[in-house]
Structure formats: C-alpha cells, structure tokens
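So this block is my_file12.txt, compact mmCIF, C-alpha atoms:
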```
# COMPACT_ATOMS: atom_id res chain seq x y z
CA MET A 1 149.49 -1.98 210.83
CA LYS A 2 147.56 -4.74 212.59
CA GLU A 3 144.78 -4.46 215.15
CA LYS A 4 143.31 -7.13 217.42
CA THR A 5 139.53 -7.06 217.81
CA ASN A 6 137.37 -9.84 219.33
CA GLY A 7 140.33 -12.13 219.30
CA CYS A 8 140.93 -11.57 215.56
CA ILE A 9 143.80 -9.77 213.95
CA TYR A 10 142.98 -7.25 211.24
CA TYR A 11 145.52 -5.63 208.90
CA ASP A 12 144.95 -2.01 207.84
CA TYR A 13 146.24 -1.94 204.25
CA SER A 14 145.29 1.71 203.80
CA GLU A 15 148.31 2.76 205.79
CA LYS A 16 151.70 2.47 204.07
CA SER A 17 154.92 1.43 205.64
CA GLU A 18 157.78 3.89 205.91
CA LYS A 19 159.64 2.06 203.13
CA GLU A 20 156.62 2.24 200.84
CA GLU A 21 156.21 5.97 201.46
CA ILE A 22 159.90 6.59 200.72
CA ALA A 23 159.67 4.55 197.51
CA GLU A 24 156.53 6.41 196.38
CA THR A 25 158.11 9.78 197.11
CA ALA A 26 161.21 8.76 195.15
CA TRP A 27 159.12 7.73 192.13
CA LYS A 28 157.17 10.98 192.24
CA SER A 29 160.42 12.97 192.37
CA LEU A 30 161.85 10.98 189.47
CA TYR A 31 158.69 11.51 187.45
CA ARG A 32 158.80 15.28 188.06
CA TRP A 33 162.48 15.37 187.12
CA ILE A 34 161.89 13.43 183.87
CA TYR A 35 158.94 15.72 183.03
CA ALA A 36 161.03 18.86 183.65
CA VAL A 37 163.95 17.60 181.55
CA THR A 38 161.62 16.54 178.72
CA PHE A 39 159.92 19.94 178.74
CA LEU A 40 163.30 21.71 178.74
CA LEU A 41 164.59 19.63 175.82
CA PHE A 42 161.39 20.32 173.89
CA ALA A 43 161.72 24.06 174.56
CA VAL A 44 165.36 24.00 173.42
CA PHE A 45 164.35 22.07 170.28
CA LEU A 46 161.69 24.65 169.42
CA SER A 47 164.09 27.53 170.06
CA MET A 48 166.83 26.01 167.92
CA THR A 49 164.33 25.26 165.15
CA PHE A 50 162.54 28.60 164.95
CA PHE A 51 164.52 31.24 166.86
CA LEU A 52 168.19 30.34 167.24
CA ARG A 53 170.99 28.62 165.39
CA VAL A 54 174.53 27.61 166.33
CA VAL A 55 177.14 28.30 163.63
CA GLN A 56 180.86 27.65 163.51
CA VAL A 57 183.00 30.47 162.10
CA ASP A 58 184.96 29.40 159.02
CA GLY A 59 188.03 31.48 158.19
CA SER A 60 189.69 34.60 159.55
CA SER A 61 187.74 37.38 157.82
CA MET A 62 186.16 38.54 161.11
CA THR A 63 189.36 38.53 163.19
CA PRO A 64 189.80 39.92 165.84
CA THR A 65 186.07 39.95 166.68
CA LEU A 66 185.55 36.30 165.74
CA ASN A 67 188.16 33.70 164.90
CA ASP A 68 188.25 30.54 162.81
CA GLY A 69 186.49 27.73 164.69
CA ASP A 70 184.55 29.94 167.11
CA ARG A 71 181.00 28.80 167.80
CA ILE A 72 178.38 31.52 167.76
CA LEU A 73 174.68 31.73 168.59
CA VAL A 74 172.61 33.37 165.86
CA TYR A 75 169.15 34.90 166.35
CA THR A 76 167.03 34.13 163.29
CA PHE A 77 163.36 34.81 164.09
CA ASN A 78 161.84 37.87 162.40
CA TYR A 79 165.24 39.58 162.28
CA LYS A 80 165.55 42.95 160.52
CA PRO A 81 169.19 43.74 159.61
CA SER A 82 170.70 46.97 160.97
CA GLN A 83 173.94 48.82 160.34
CA GLY A 84 176.74 47.52 162.55
CA ASP A 85 175.17 44.10 163.17
CA ILE A 86 177.32 41.01 162.77
CA VAL A 87 175.33 38.62 160.60
CA VAL A 88 175.46 35.17 159.06
CA VAL A 89 175.03 35.06 155.30
CA SER A 90 174.02 31.80 153.64
CA SER A 91 173.55 30.33 150.17
CA LEU A 92 176.09 32.38 148.19
CA ASP A 93 177.19 30.79 144.92
CA GLY A 94 180.43 28.87 145.28
CA VAL A 95 180.43 29.15 149.09
CA SER A 96 179.82 25.95 151.08
CA GLU A 97 179.99 27.43 154.59
CA PRO A 98 177.90 30.30 156.00
CA LEU A 99 179.71 33.65 155.84
CA VAL A 100 179.98 35.83 158.93
CA LYS A 101 180.27 39.56 158.17
CA ARG A 102 179.42 42.99 159.57
CA ILE A 103 176.71 45.17 157.99
CA ILE A 104 178.41 48.41 156.94
CA ALA A 105 175.59 50.04 154.99
CA VAL A 106 171.86 49.53 154.58
CA PRO A 107 169.60 50.10 151.55
CA GLY A 108 169.84 53.61 150.13
CA GLN A 109 173.16 54.50 151.78
CA THR A 110 176.19 55.35 149.66
CA VAL A 111 179.50 53.66 150.38
CA ASN A 112 182.96 54.88 149.48
CA VAL A 113 186.17 53.01 150.32
CA ASP A 114 189.46 54.92 150.27
CA TYR A 115 192.49 52.63 150.38
CA SER A 116 194.94 55.51 150.51
CA ASP A 117 193.92 56.35 154.07
CA GLY A 118 192.11 53.09 154.91
CA THR A 119 188.71 54.64 155.53
CA VAL A 120 185.12 53.69 154.79
CA THR A 121 182.68 56.55 154.21
CA ILE A 122 178.90 56.21 154.46
CA ASP A 123 176.87 59.09 153.00
CA GLY A 124 179.94 61.31 153.23
CA LYS A 125 180.72 60.48 156.87
CA VAL A 126 183.82 58.47 157.78
CA LEU A 127 183.05 55.44 159.94
CA ILE A 128 184.85 55.11 163.26
CA GLU A 129 185.77 51.44 163.26
CA ASN A 130 187.47 50.37 166.47
CA TYR A 131 186.65 46.73 165.73
CA ILE A 132 188.88 46.17 162.66
CA LEU A 133 192.11 44.19 162.91
CA GLU A 134 194.33 46.71 161.13
CA GLN A 135 194.17 49.58 158.69
CA MET A 136 192.74 48.55 155.35
CA TYR A 137 195.24 48.70 152.47
CA LEU A 138 194.69 45.59 150.36
CA LYS A 139 191.98 45.79 147.72
CA SER A 140 189.63 42.89 147.16
CA ASN A 141 190.02 40.92 143.95
CA ASP A 142 187.64 42.32 141.31
CA GLU A 143 186.93 45.46 143.34
CA ILE A 144 183.60 47.22 142.73
CA THR A 145 183.36 50.82 141.55
CA TYR A 146 182.91 53.57 144.16
CA PRO A 147 180.88 55.37 145.27
CA CYS A 148 178.34 52.54 145.53
CA THR A 149 174.73 53.13 146.54
CA VAL A 150 173.23 50.07 148.23
CA PRO A 151 170.16 48.84 146.29
CA GLU A 152 166.83 48.31 148.04
CA GLY A 153 166.52 44.93 149.72
CA THR A 154 170.29 44.46 149.98
CA TYR A 155 173.10 45.21 152.45
CA PHE A 156 176.78 46.11 152.09
CA VAL A 157 178.84 43.80 154.33
CA MET A 158 182.53 43.62 155.18
CA GLY A 159 184.79 41.52 157.37
CA ASP A 160 186.61 43.08 160.33
CA ASN A 161 189.85 41.70 158.91
CA ARG A 162 189.68 44.01 155.89
CA ASN A 163 192.88 42.76 154.27
CA ASP A 164 191.71 39.14 154.26
CA SER A 165 187.99 39.25 153.55
CA GLU A 166 185.95 38.50 150.45
CA ASP A 167 182.91 40.70 150.96
CA SER A 168 180.70 43.31 149.27
CA ARG A 169 183.78 45.06 147.86
CA ASN A 170 184.14 42.11 145.49
CA VAL A 171 181.90 42.18 142.39
CA ASN A 172 181.40 38.40 142.76
CA VAL A 173 179.84 38.94 146.19
CA GLY A 174 178.38 42.43 145.97
CA CYS A 175 175.57 43.69 148.14
CA ILE A 176 173.80 40.86 149.96
CA ASP A 177 170.11 40.17 149.39
CA GLU A 178 168.20 40.38 152.69
CA LYS A 179 166.76 36.91 152.00
CA LEU A 180 170.26 35.48 152.30
CA ILE A 181 170.89 36.96 155.75
CA ALA A 182 170.13 34.09 158.12
CA GLY A 183 170.30 36.12 161.32
CA LYS A 184 172.23 38.25 163.77
CA VAL A 185 175.16 36.99 165.85
CA MET A 186 174.15 37.35 169.51
CA TYR A 187 176.78 35.41 171.49
CA LYS A 188 180.17 33.81 171.11
CA LEU A 189 179.68 30.43 172.80
CA SER A 190 183.16 29.00 172.47
CA PRO A 191 185.93 29.02 173.30
CA ILE A 192 184.41 29.56 176.75
CA SER A 193 187.31 31.79 177.81
CA GLU A 194 186.26 34.27 175.08
CA TRP A 195 182.48 34.13 175.70
CA ASN A 196 180.94 37.42 174.62
CA ILE A 197 177.67 39.22 173.87
CA TYR A 198 177.17 41.27 170.69
CA GLU A 199 174.49 43.94 170.84
```

Take the structure in the file and give it back as structure tokens.
Amino acid sequence: MKEKTNGCIYYDYSEKSEKEEIAETAWKSLYRWIYAVTFLLFAVFLSMTFFLRVVQVDGSSMTPTLNDGDRILVYTFNYKPSQGDIVVVSSLDGVSEPLVKRIIAVPGQTVNVDYSDGTVTIDGKVLIENYILEQMYLKSNDEITYPCTVPEGTYFVMGDNRNDSEDSRNVNVGCIDEKLIAGKVMYKLSPISEWNIYE
C-alpha cells in the first residue's frame, strides 16, 4: 500500500498483498499437513515395532476361521496367553513360517482327545467347539499319549481344521513354550470382505 505525504510517496511494506497472504496461508497449511502425516507415520512405526505385527496365514490348518493367504493383525506387547485365544507361534524347528493356532489348554490343565466321537476334553469337561471345520477323525502323525497334562510355561494348541493340522497332538510339536508365542490375533485385515475382530 502506498501513501502520499508532503508530495512524497511512501510504501508500507508491513502490509501484505492478498496474493502474499494466500501464499503464506497455503504454506502454513502444507506445513501442518506434513507435520501431521510425519507424526502419524512415526506413531504407526512405533506401534508396528513394539505393539503390533501383520502376519500372513500360511496353510489351511485354521480353516474356516482363517484361510491360507489371509492377513492378520497380531497384538504382541506384554501379551499373556489365555485359553481360546488364536495365537501366532514362531521359531519352531523345521518350520519357516509362523504358525497360527488356537490355545486349547493352559499350564496345569489335562487334555484328552477322543477320535471315536471327535471330542476334546479339558479337565474332564468336553469343549464346545463351534469354530472347527468338521468333526475330528484323523489322528496326527506321531500322536502323543493321552491324557496329557500341560507343563508349566507351555500351552496346548490346535488348528480349527482338526483333520489337517500339525499341532500339539504331534510329538514333534508338543506343547508350545510361552516364549515362542509371538502374540494374539486381533483382526483379520484381508481379504477386506472378510474383515473380522477376534476377542
């Protein structure tokens, strides 16, 4: 803006033109947007490093609950395994991919598997298992001896597809050390049409 005083023209540079104000506002908005995105990415990075993990299901042992190729979100921070949880097991000998199984029994519980009627009994009580694919009839290779009491610090796990699952029924797998349980499956992320929450 210019002013005329005593025949002289003075320019007031403290006032900004409309274009300058628009440009400054745009830069401020861009800066705030970049800051917000950077903060969000950093928060996601921290979460994925210390609290969460994305795993792809390998195989059909958890069908129909989870299928081969499904992507799942696993909660890993300070997780204490509980009966009924779907968990990811890592670092088993001879297994390259993480295993996804369901915890059937916790330390101190006694497991019995009866293939004649397809039932699993925990401490003398038959489990009601609405999540399995079909009635269990096919024994695992190298089946363990029943009844089996779960040792301290370990968990008895099985797949929901009982007739196609290498799990704690197999002597080569056995009860899983708690240190090998990476975390609890919280969500099915993909396929999107089958997105689900597991409590």

So, with all atoms listed in the file as the atoms that count, which of A:Thr25, A:Thr149, A:Ser193, A:Ser61 lies closest to A:Val111?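 Once distances to A:Val111 are computed over all atoms listed in the file, the minimum belongs to A:Thr149.
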
Nearest to A:Met158 by atom-to-atom distance, counting only C-alpha atoms, from A:Gln109, A:Asn78, A:Thr145, A:Thr63: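 Going through A:Gln109, A:Asn78, A:Thr145, A:Thr63 one by one, the smallest distance to A:Met158 is for A:Thr63.
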
Best match for closeness to A:Gly153 among A:Val100, A:Val126, A:Val106, A:Leu133, counting all atoms listed in the file: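 Selected residue with least distance to A:Gly153: A:Val106.
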
Quick one: distance from atom CA of A:Leu99 to atom CA of A:Val57 in Å, one decimal?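 Straight-line distance from atom CA of A:Leu99 to atom CA of A:Val57 works out to 7.8 Å.
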
When you draw a straight line from atom CA of A:Val54 to atom CA of A:Phe156, how long is it in Å?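 It comes out at 23.5 Å.
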
Env of A:Ser90: 12 Å cut, atoms = all atoms listed in the file, seq-sep filter 3 positions within chain, self excluded. Answer as a VMD selection string. chain A and resid 55 87 93 to 101 173 176 to 183

Got time to write the residues from that selection, C-alpha atoms, as an mmCIF file, in the frame of the given file?
```
data_model
loop_
_atom_site.group_PDB
_atom_site.id
_atom_site.type_symbol
_atom_site.label_atom_id
_atom_site.label_comp_id
_atom_site.auth_asym_id
_atom_site.auth_seq_id
_atom_site.Cartn_x
_atom_site.Cartn_y
_atom_site.Cartn_z
ATOM 1 C CA VAL A 55 177.140 28.300 163.630
ATOM 2 C CA VAL A 87 175.330 38.620 160.600
ATOM 3 C CA ASP A 93 177.190 30.790 144.920
ATOM 4 C CA GLY A 94 180.430 28.870 145.280
ATOM 5 C CA VAL A 95 180.430 29.150 149.090
ATOM 6 C CA SER A 96 179.820 25.950 151.080
ATOM 7 C CA GLU A 97 179.990 27.430 154.590
ATOM 8 C CA PRO A 98 177.900 30.300 156.000
ATOM 9 C CA LEU A 99 179.710 33.650 155.840
ATOM 10 C CA VAL A 100 179.980 35.830 158.930
ATOM 11 C CA LYS A 101 180.270 39.560 158.170
ATOM 12 C CA VAL A 173 179.840 38.940 146.190
ATOM 13 C CA ILE A 176 173.800 40.860 149.960
ATOM 14 C CA ASP A 177 170.110 40.170 149.390
ATOM 15 C CA GLU A 178 168.200 40.380 152.690
ATOM 16 C CA LYS A 179 166.760 36.910 152.000
ATOM 17 C CA LEU A 180 170.260 35.480 152.300
ATOM 18 C CA ILE A 181 170.890 36.960 155.750
ATOM 19 C CA ALA A 182 170.130 34.090 158.120
ATOM 20 C CA GLY A 183 170.300 36.120 161.320
#
```

Return the single residue from A:Asn196, A:Thr121, A:Asn163, A:Ser60 that is closest to A:Ser140, with distances computed using all atoms listed in the file.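 Of all the options, A:Asn163 lies closest to A:Ser140.
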
Computed interatomic separation between atom CA of A:Leu52 and atom CA of A:Pro191 (Å):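 Spanning atom CA of A:Leu52 to atom CA of A:Pro191 is a straight-line distance of 18.8 Å.
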
Name the closest residue to A:Thr154 among the candidates A:Val113, A:Ala105, A:Leu66, A:Leu189; distances are taken between atoms, counting all atoms listed in the file.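 Checking each candidate against A:Thr154, we get A:Ala105 as the closest.
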
Looking at A:Ile103, A:Val157, A:Ser165, A:Pro151, which one is nearest to A:Met136, with distances taken over all atoms listed in the file?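 Checking each candidate against A:Met136, we get A:Ser165 as the closest.
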
Compile the contact shell of A:Glu143 as an mmCIF file with C-alpha atoms, keeping the file's coordinate frame: residues with an atom at most 6 Å away, counting all atoms listed in the file, same-chain residues fewer than 2 positions apart removed.
```cif
data_model
loop_
_atom_site.group_PDB
_atom_site.id
_atom_site.type_symbol
_atom_site.label_atom_id
_atom_site.label_comp_id
_atom_site.auth_asym_id
_atom_site.auth_seq_id
_atom_site.Cartn_x
_atom_site.Cartn_y
_atom_site.Cartn_z
ATOM 1 C CA SER A 140 189.630 42.890 147.160
ATOM 2 C CA ASN A 141 190.020 40.920 143.950
ATOM 3 C CA ARG A 169 183.780 45.060 147.860
ATOM 4 C CA ASN A 170 184.140 42.110 145.490
#
```

Which polymer residues have any atom within 10 Å of an atom of A:Tyr137, counting all atoms listed in the file, with same-chain residues fewer than 6 positions away left out, as a PyMOL selection string? chain A and resi 114-119+162-163
